[in-house]
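Below is start32.pdb, which holds PDB, C-alpha atoms, pLDDT in the B column.
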```pdb
ATOM      1  CA  MET T 227     -11.687  -7.195 -16.867  1.00 62.00           C
ATOM      2  CA  ARG T 228      -8.456  -9.130 -16.514  1.00 81.00           C
ATOM      3  CA  LEU T 229      -7.376 -10.477 -13.105  1.00 82.00           C
ATOM      4  CA  GLU T 230      -3.933 -11.966 -12.494  1.00 86.00           C
ATOM      5  CA  VAL T 231      -2.939 -13.612  -9.198  1.00 89.00           C
ATOM      6  CA  LYS T 232       0.751 -14.367  -8.733  1.00 89.00           C
ATOM      7  CA  GLY T 233       3.080 -15.203  -5.882  1.00 88.00           C
ATOM      8  CA  ARG T 234       6.482 -14.139  -4.620  1.00 84.00           C
ATOM      9  CA  ASN T 235       8.304 -16.512  -2.230  1.00 80.00           C
ATOM     10  CA  VAL T 236       5.216 -18.706  -2.370  1.00 85.00           C
ATOM     11  CA  GLU T 237       3.437 -21.060  -4.763  1.00 87.00           C
ATOM     12  CA  VAL T 238      -0.146 -19.841  -5.275  1.00 88.00           C
ATOM     13  CA  ASN T 239      -2.419 -22.881  -5.236  1.00 89.00           C
ATOM     14  CA  ASP T 240      -5.798 -23.093  -6.958  1.00 91.00           C
ATOM     15  CA  SER T 241      -7.849 -22.642  -3.775  1.00 91.00           C
ATOM     16  CA  ILE T 242      -6.106 -19.353  -2.881  1.00 90.00           C
ATOM     17  CA  ARG T 243      -6.384 -18.195  -6.506  1.00 90.00           C
ATOM     18  CA  ARG T 244     -10.148 -18.959  -6.548  1.00 91.00           C
ATOM     19  CA  TYR T 245     -10.581 -17.239  -3.174  1.00 90.00           C
ATOM     20  CA  ALA T 246      -8.899 -14.073  -4.456  1.00 89.00           C
ATOM     21  CA  GLU T 247     -10.984 -14.157  -7.642  1.00 88.00           C
ATOM     22  CA  GLU T 248     -14.227 -14.529  -5.641  1.00 89.00           C
ATOM     23  CA  LYS T 249     -13.353 -11.672  -3.295  1.00 88.00           C
ATOM     24  CA  LEU T 250     -12.281  -9.334  -6.089  1.00 85.00           C
ATOM     25  CA  ASP T 251     -15.358 -10.192  -8.154  1.00 83.00           C
ATOM     26  CA  ARG T 252     -17.303  -7.538  -6.176  1.00 81.00           C
ATOM     27  CA  ILE T 253     -14.797  -4.919  -7.350  1.00 80.00           C
ATOM     28  CA  GLU T 254     -14.889  -6.235 -10.892  1.00 75.00           C
ATOM     29  CA  ARG T 255     -18.617  -5.478 -11.163  1.00 76.00           C
ATOM     30  CA  GLN T 256     -18.041  -1.815 -10.251  1.00 78.00           C
ATOM     31  CA  LEU T 257     -15.323  -1.141 -12.831  1.00 78.00           C
ATOM     32  CA  PRO T 258     -15.264  -0.891 -16.637  1.00 71.00           C
ATOM     33  CA  ASP T 259     -14.451  -3.926 -18.774  1.00 67.00           C
ATOM     34  CA  GLU T 260     -10.990  -2.679 -19.776  1.00 73.00           C
ATOM     35  CA  THR T 261      -9.788  -2.723 -16.135  1.00 79.00           C
ATOM     36  CA  GLN T 262      -6.812  -4.881 -15.225  1.00 83.00           C
ATOM     37  CA  ILE T 263      -6.141  -6.125 -11.668  1.00 87.00           C
ATOM     38  CA  GLU T 264      -2.883  -7.697 -10.549  1.00 89.00           C
ATOM     39  CA  VAL T 265      -2.721  -9.367  -7.131  1.00 90.00           C
ATOM     40  CA  GLU T 266       0.649 -10.407  -5.731  1.00 91.00           C
ATOM     41  CA  LEU T 267       0.801 -12.687  -2.706  1.00 91.00           C
ATOM     42  CA  THR T 268       4.061 -12.676  -0.751  1.00 88.00           C
ATOM     43  CA  LEU T 269       5.295 -14.721   2.159  1.00 86.00           C
ATOM     44  CA  GLU T 270       7.729 -12.542   4.141  1.00 81.00           C
ATOM     45  CA  THR T 271      10.870 -14.438   5.088  1.00 77.00           C
ATOM     46  CA  ASN T 272      11.878 -12.194   7.994  1.00 75.00           C
ATOM     47  CA  PRO T 273      11.061 -14.092  11.220  1.00 74.00           C
ATOM     48  CA  SER T 274      10.449 -10.871  13.178  1.00 75.00           C
ATOM     49  CA  ILE T 275       7.459  -9.972  10.982  1.00 77.00           C
ATOM     50  CA  SER T 276       4.401 -11.625  12.515  1.00 80.00           C
ATOM     51  CA  ALA T 277       2.000 -10.562   9.744  1.00 83.00           C
ATOM     52  CA  ASP T 278       3.989 -12.411   7.097  1.00 85.00           C
ATOM     53  CA  HIS T 279       1.247 -13.194   4.555  1.00 88.00           C
ATOM     54  CA  VAL T 280       1.060 -10.094   2.344  1.00 90.00           C
ATOM     55  CA  ALA T 281      -1.477  -9.348  -0.383  1.00 90.00           C
ATOM     56  CA  GLU T 282      -0.796  -6.422  -2.733  1.00 90.00           C
ATOM     57  CA  ALA T 283      -3.036  -5.300  -5.563  1.00 88.00           C
ATOM     58  CA  THR T 284      -2.707  -2.851  -8.406  1.00 86.00           C
ATOM     59  CA  VAL T 285      -5.845  -1.857 -10.326  1.00 84.00           C
ATOM     60  CA  TRP T 286      -5.347  -0.133 -13.663  1.00 81.00           C
ATOM     61  CA  THR T 287      -8.493   1.728 -14.645  1.00 77.00           C
ATOM     62  CA  LYS T 288      -9.186   4.251 -17.331  1.00 73.00           C
ATOM     63  CA  GLY T 289      -7.337   7.286 -15.989  1.00 65.00           C
ATOM     64  CA  SER T 290      -6.295   6.141 -12.505  1.00 71.00           C
ATOM     65  CA  THR T 291      -4.252   3.446 -10.855  1.00 78.00           C
ATOM     66  CA  LEU T 292      -5.365   2.164  -7.466  1.00 82.00           C
ATOM     67  CA  ARG T 293      -3.021   0.323  -5.108  1.00 84.00           C
ATOM     68  CA  ALA T 294      -3.505  -1.461  -1.810  1.00 87.00           C
ATOM     69  CA  ARG T 295      -1.378  -3.617   0.495  1.00 89.00           C
ATOM     70  CA  GLU T 296      -2.472  -5.688   3.469  1.00 90.00           C
ATOM     71  CA  ALA T 297      -0.639  -8.161   5.687  1.00 90.00           C
ATOM     72  CA  SER T 298      -1.834 -10.716   8.239  1.00 90.00           C
ATOM     73  CA  ASN T 299      -1.166 -14.248   9.454  1.00 89.00           C
ATOM     74  CA  ALA T 300      -3.044 -15.937   6.581  1.00 89.00           C
ATOM     75  CA  PHE T 301      -3.508 -15.190   2.896  1.00 90.00           C
ATOM     76  CA  GLU T 302      -7.309 -15.423   3.198  1.00 92.00           C
ATOM     77  CA  THR T 303      -7.367 -12.694   5.871  1.00 92.00           C
ATOM     78  CA  SER T 304      -4.977 -10.513   3.874  1.00 91.00           C
ATOM     79  CA  ILE T 305      -7.142 -10.940   0.768  1.00 91.00           C
ATOM     80  CA  ASP T 306     -10.283 -10.044   2.762  1.00 92.00           C
ATOM     81  CA  GLN T 307      -8.675  -6.859   4.112  1.00 92.00           C
ATOM     82  CA  LEU T 308      -7.259  -6.017   0.681  1.00 89.00           C
ATOM     83  CA  SER T 309     -10.657  -6.471  -0.943  1.00 90.00           C
ATOM     84  CA  ASP T 310     -12.325  -4.179   1.613  1.00 90.00           C
ATOM     85  CA  LYS T 311      -9.666  -1.495   1.118  1.00 89.00           C
ATOM     86  CA  LEU T 312      -9.949  -1.705  -2.676  1.00 88.00           C
ATOM     87  CA  GLU T 313     -13.747  -1.472  -2.479  1.00 88.00           C
ATOM     88  CA  ARG T 314     -13.452   1.814  -0.568  1.00 86.00           C
ATOM     89  CA  GLN T 315     -10.932   3.128  -3.106  1.00 83.00           C
ATOM     90  CA  VAL T 316     -13.123   2.089  -6.047  1.00 82.00           C
ATOM     91  CA  GLU T 317     -16.107   3.782  -4.409  1.00 82.00           C
ATOM     92  CA  ARG T 318     -14.146   7.033  -4.068  1.00 79.00           C
ATOM     93  CA  TYR T 319     -12.888   6.650  -7.652  1.00 75.00           C
ATOM     94  CA  ARG T 320     -16.442   6.215  -8.965  1.00 76.00           C
ATOM     95  CA  GLU T 321     -17.709   9.193  -6.933  1.00 76.00           C
ATOM     96  CA  LYS T 322     -14.912  11.331  -8.313  1.00 69.00           C
ATOM     97  CA  ARG T 323     -15.704  10.310 -11.884  1.00 70.00           C
ATOM     98  CA  SER T 324     -19.432  10.913 -11.417  1.00 71.00           C
ATOM     99  CA  ARG T 325     -18.814  14.404  -9.934  1.00 64.00           C
ATOM    100  CA  ARG T 326     -16.416  15.375 -12.704  1.00 59.00           C
ATOM    101  CA  GLY T 327     -17.714  18.505 -14.401  1.00 53.00           C
ATOM    102  CA  THR T 328     -20.193  19.253 -11.642  1.00 51.00           C
ATOM    103  CA  GLY T 329     -19.608  21.844  -9.001  1.00 50.00           C
ATOM    104  CA  ARG T 330     -21.367  23.688  -6.226  1.00 48.00           C
ATOM    105  CA  ARG T 331     -23.020  27.064  -6.840  1.00 47.00           C
ATOM    106  CA  THR T 332     -22.120  29.877  -4.469  1.00 48.00           C
ATOM    107  CA  ASN T 333     -23.565  33.361  -5.040  1.00 50.00           C
ATOM    108  CA  GLY T 334     -24.629  32.436  -8.543  1.00 49.00           C
ATOM    109  CA  GLN T 335     -21.144  31.310  -9.559  1.00 53.00           C
ATOM    110  CA  GLN T 336     -20.089  27.729  -9.933  1.00 51.00           C
ATOM    111  CA  THR T 337     -17.134  26.631  -7.780  1.00 50.00           C
ATOM    112  CA  GLU T 338     -15.329  23.312  -7.913  1.00 53.00           C
ATOM    113  CA  GLU T 339     -15.420  21.095  -4.845  1.00 49.00           C
ATOM    114  CA  PRO T 340     -12.063  19.681  -3.844  1.00 54.00           C
ATOM    115  CA  THR T 341     -11.920  15.981  -4.646  1.00 59.00           C
ATOM    116  CA  PHE T 342      -9.286  13.464  -3.694  1.00 58.00           C
ATOM    117  CA  SER T 343      -8.592  10.213  -5.488  1.00 60.00           C
ATOM    118  CA  GLY T 344      -7.999   6.992  -3.596  1.00 59.00           C
ATOM    119  CA  GLU T 345      -4.273   7.400  -4.195  1.00 59.00           C
ATOM    120  CA  GLN T 346      -4.304  10.969  -2.838  1.00 60.00           C
ATOM    121  CA  LEU T 347      -6.152   9.925   0.310  1.00 58.00           C
ATOM    122  CA  ASP T 348      -3.640   7.144   0.880  1.00 60.00           C
ATOM    123  CA  ARG T 349      -0.779   9.671   0.588  1.00 64.00           C
ATOM    124  CA  MET T 350      -2.197  12.275   2.987  1.00 70.00           C
ATOM    125  CA  ILE T 351      -0.173  12.841   6.171  1.00 74.00           C
ATOM    126  CA  VAL T 352      -2.396  11.800   9.055  1.00 68.00           C
ATOM    127  CA  LYS T 353       0.149  11.739  11.894  1.00 74.00           C
ATOM    128  CA  SER T 354       3.253  13.703  12.766  1.00 80.00           C
ATOM    129  CA  LYS T 355       5.886  12.671  15.271  1.00 81.00           C
ATOM    130  CA  GLN T 356       8.983  14.319  16.746  1.00 84.00           C
ATOM    131  CA  PHE T 357      11.851  12.591  18.506  1.00 80.00           C
ATOM    132  CA  GLU T 358      15.535  12.967  19.310  1.00 84.00           C
ATOM    133  CA  LEU T 359      17.918  11.407  16.800  1.00 87.00           C
ATOM    134  CA  GLN T 360      20.402   9.058  18.411  1.00 83.00           C
ATOM    135  CA  PRO T 361      24.014   8.899  17.198  1.00 93.00           C
ATOM    136  CA  LEU T 362      24.430   5.252  16.127  1.00 93.00           C
ATOM    137  CA  THR T 363      26.319   3.191  13.606  1.00 94.00           C
ATOM    138  CA  PRO T 364      24.195   1.648  10.829  1.00 94.00           C
ATOM    139  CA  ASP T 365      24.580  -1.809  12.435  1.00 91.00           C
ATOM    140  CA  GLU T 366      23.361  -0.484  15.798  1.00 90.00           C
ATOM    141  CA  ALA T 367      20.435   1.199  14.021  1.00 90.00           C
ATOM    142  CA  ALA T 368      19.493  -2.142  12.419  1.00 88.00           C
ATOM    143  CA  VAL T 369      19.398  -3.710  15.900  1.00 84.00           C
ATOM    144  CA  GLU T 370      17.184  -0.829  17.124  1.00 84.00           C
ATOM    145  CA  LEU T 371      14.925  -1.363  14.111  1.00 81.00           C
ATOM    146  CA  GLU T 372      14.443  -4.992  15.109  1.00 78.00           C
ATOM    147  CA  LEU T 373      13.698  -4.016  18.713  1.00 70.00           C
ATOM    148  CA  ILE T 374      10.978  -1.503  17.850  1.00 72.00           C
ATOM    149  CA  GLY T 375       9.433  -3.697  15.135  1.00 70.00           C
ATOM    150  CA  HIS T 376       8.973  -0.926  12.551  1.00 79.00           C
ATOM    151  CA  ASP T 377       9.886  -0.974   8.870  1.00 85.00           C
ATOM    152  CA  PHE T 378      12.382   1.904   9.176  1.00 90.00           C
ATOM    153  CA  PHE T 379      14.493   3.731  11.746  1.00 91.00           C
ATOM    154  CA  VAL T 380      15.823   7.320  11.523  1.00 94.00           C
ATOM    155  CA  PHE T 381      19.123   8.044  13.255  1.00 95.00           C
ATOM    156  CA  THR T 382      22.238  10.231  13.193  1.00 95.00           C
ATOM    157  CA  ASN T 383      25.121   8.280  11.716  1.00 95.00           C
ATOM    158  CA  ALA T 384      27.832   8.371  14.401  1.00 95.00           C
ATOM    159  CA  GLU T 385      30.529   8.010  11.731  1.00 93.00           C
ATOM    160  CA  THR T 386      29.391  10.866   9.448  1.00 93.00           C
ATOM    161  CA  GLY T 387      27.165  13.026  11.677  1.00 93.00           C
ATOM    162  CA  LEU T 388      24.439  12.985   8.978  1.00 94.00           C
ATOM    163  CA  THR T 389      20.827  11.872   9.286  1.00 95.00           C
ATOM    164  CA  ASN T 390      20.334   8.356   7.868  1.00 96.00           C
ATOM    165  CA  VAL T 391      17.481   5.877   7.573  1.00 96.00           C
ATOM    166  CA  VAL T 392      17.853   2.129   7.911  1.00 96.00           C
ATOM    167  CA  TYR T 393      14.898   0.147   6.556  1.00 94.00           C
ATOM    168  CA  ARG T 394      13.741  -3.428   6.166  1.00 88.00           C
ATOM    169  CA  ARG T 395      13.589  -4.628   2.578  1.00 87.00           C
ATOM    170  CA  ARG T 396      10.831  -6.976   1.441  1.00 80.00           C
ATOM    171  CA  ALA T 397      13.262  -9.888   1.124  1.00 76.00           C
ATOM    172  CA  GLY T 398      14.171  -9.455   4.820  1.00 77.00           C
ATOM    173  CA  ALA T 399      17.564  -7.746   4.424  1.00 86.00           C
ATOM    174  CA  TYR T 400      18.242  -4.139   5.415  1.00 91.00           C
ATOM    175  CA  GLY T 401      18.798  -0.999   3.379  1.00 94.00           C
ATOM    176  CA  LEU T 402      20.506   2.261   4.312  1.00 95.00           C
ATOM    177  CA  ILE T 403      19.538   5.682   2.993  1.00 95.00           C
ATOM    178  CA  GLU T 404      22.263   8.311   3.229  1.00 94.00           C
ATOM    179  CA  PRO T 405      22.222  11.911   1.941  1.00 92.00           C
ATOM    180  CA  GLN T 406      24.715  12.882  -0.736  1.00 87.00           C
ATOM    181  CA  ASP T 407      27.420  15.371   0.156  1.00 72.00           C
TER     182      ASP T 407
END
```

Output the file's structure as structure tokens, nothing else.
Amino acid sequence: MRLEVKGRNVEVNDSIRRYAEEKLDRIERQLPDETQIEVELTLETNPSISADHVAEATVWTKGSTLRAREASNAFETSIDQLSDKLERQVERYREKRSRRGTGRRTNGQQTEEPTFSGEQLDRMIVKSKQFELQPLTPDEAAVELELIGHDFFVFTNAETGLTNVVYRRRAGAYGLIEPQD
């Protein structure tokens, strides 16, 4: 297995690199030798983000790609949370691979059980929310975004009357998503 630890907006020192390698060693033992893991540590520059130490990992296995992202106030905590999340994903991945080709028998006929990969479980909708869209300018929406502390804000653009999304980019700036006419 190949493990790469790199940094964005931060210099990754040897102690953090060793810590990440030790924590991800548990995952390494559960995966095949040809697996590649890339860990990226980021220090968010936006002062309104309290959990500014971010650890992201991508695990390339034979057939699937697993991804996880965790943020906290320290890289060690983010790496711990990331490692726990990846362990759960790897466990589901291994269960899926071990069940492949096996099914449950019902009335003498074999039926496939529905299985979900770690990626599919991460993409499942677990909460739905409804709210009134406020007519705002994109600048006003950015201020609202800061006030609520989320990563995005949905609003009706007061200038165009269309639904828009303002979001916080990783570098700390803002982005605007507008529908095409």

* Asked: Quick one: residues within 8 Å of Arg295 of chain T, all atoms listed in the file counted, chain neighbours fewer than 3 positions away excluded, as a list in words?
  -> Val280, Ala281, Glu282, Ala283 and Leu308 of chain T

* To do: Apply the PyMOL selection byres ((chain T and resi 370) around 12) to the file shown and report the selected residues as a ChimeraX atom specification.
  => /T:360-369,371-381,391-394

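Shortest separation to Ser304 of chain T among T:Arg395, T:Arg228, T:Arg255, T:His279 occurs at residue T:His279, atoms counted being all atoms listed in the file.
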
Name the residues that the PyMOL selection byres ((chain T and resi 388) around 10) pulls out of this structure, and write them as an mmCIF file with C-alpha atoms, keeping the file's coordinate frame.
```
data_model
loop_
_atom_site.group_PDB
_atom_site.id
_atom_site.type_symbol
_atom_site.label_atom_id
_atom_site.label_comp_id
_atom_site.auth_asym_id
_atom_site.auth_seq_id
_atom_site.Cartn_x
_atom_site.Cartn_y
_atom_site.Cartn_z
ATOM 1 C CA PRO T 361 24.014 8.899 17.198
ATOM 2 C CA PHE T 381 19.123 8.044 13.255
ATOM 3 C CA THR T 382 22.238 10.231 13.193
ATOM 4 C CA ASN T 383 25.121 8.280 11.716
ATOM 5 C CA ALA T 384 27.832 8.371 14.401
ATOM 6 C CA GLU T 385 30.529 8.010 11.731
ATOM 7 C CA THR T 386 29.391 10.866 9.448
ATOM 8 C CA GLY T 387 27.165 13.026 11.677
ATOM 9 C CA THR T 389 20.827 11.872 9.286
ATOM 10 C CA ASN T 390 20.334 8.356 7.868
ATOM 11 C CA GLU T 404 22.263 8.311 3.229
ATOM 12 C CA PRO T 405 22.222 11.911 1.941
ATOM 13 C CA GLN T 406 24.715 12.882 -0.736
ATOM 14 C CA ASP T 407 27.420 15.371 0.156
#
```

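The residues caught by the PyMOL selection byres ((chain T and resi 284-286) around 8) in this file are Thr261, Gln262, Ile263, Glu264, Val265, Glu282, Ala283, Thr287, Lys288, Ser290, Thr291, Leu292, Arg293 and Ala294 of chain T.
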
* To do: Do a neighbour search on Asp251 of chain T at 12 Å with only C-alpha atoms, toss out local chain neighbours closer than 6 positions, and write the hits as a list in words.
  => Met227, Arg228, Leu229, Arg244, Tyr245, Leu257, Ile263, Ser309, Asp310, Leu312 and Glu313 of chain T

Requested write-out: C-alpha atoms of the selected residues, as a short mmCIF file (atom, residue, chain, number, x, y, z; two decimals), in the frame of the given file:
```cif
data_model
loop_
_atom_site.label_atom_id
_atom_site.label_comp_id
_atom_site.auth_asym_id
_atom_site.auth_seq_id
_atom_site.Cartn_x
_atom_site.Cartn_y
_atom_site.Cartn_z
CA MET T 227 -11.69 -7.20 -16.87
CA ARG T 228 -8.46 -9.13 -16.51
CA LEU T 229 -7.38 -10.48 -13.10
CA ARG T 244 -10.15 -18.96 -6.55
CA TYR T 245 -10.58 -17.24 -3.17
CA LEU T 257 -15.32 -1.14 -12.83
CA ILE T 263 -6.14 -6.12 -11.67
CA SER T 309 -10.66 -6.47 -0.94
CA ASP T 310 -12.32 -4.18 1.61
CA LEU T 312 -9.95 -1.70 -2.68
CA GLU T 313 -13.75 -1.47 -2.48
#
```

* Could you tell me how far atom CA of Ser298 of chain T lies from atom CA of Ser276 of chain T, in Å and to one decimal? =>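 For atom CA of Ser298 of chain T relative to atom CA of Ser276 of chain T, the distance reads 7.6 Å.
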
* Asked: Hey, which of T:Glu321, T:Arg314, T:Arg396, T:Ile351 ends up closest to Thr268 of chain T? Count only C-alpha atoms.
  ->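 Looking only at the distances to Thr268 of chain T, the closest residue turns out to be T:Arg396.
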
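We find atom CA of Gly401 of chain T and atom CA of Ile275 of chain T to be spaced 16.3 Å apart.
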
* To do: Using atom CA of Arg234 of chain T and atom CA of Thr271 of chain T as the two end points, give the distance in Å to one decimal.
  =>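 Distance between the two atoms: 10.7 Å.
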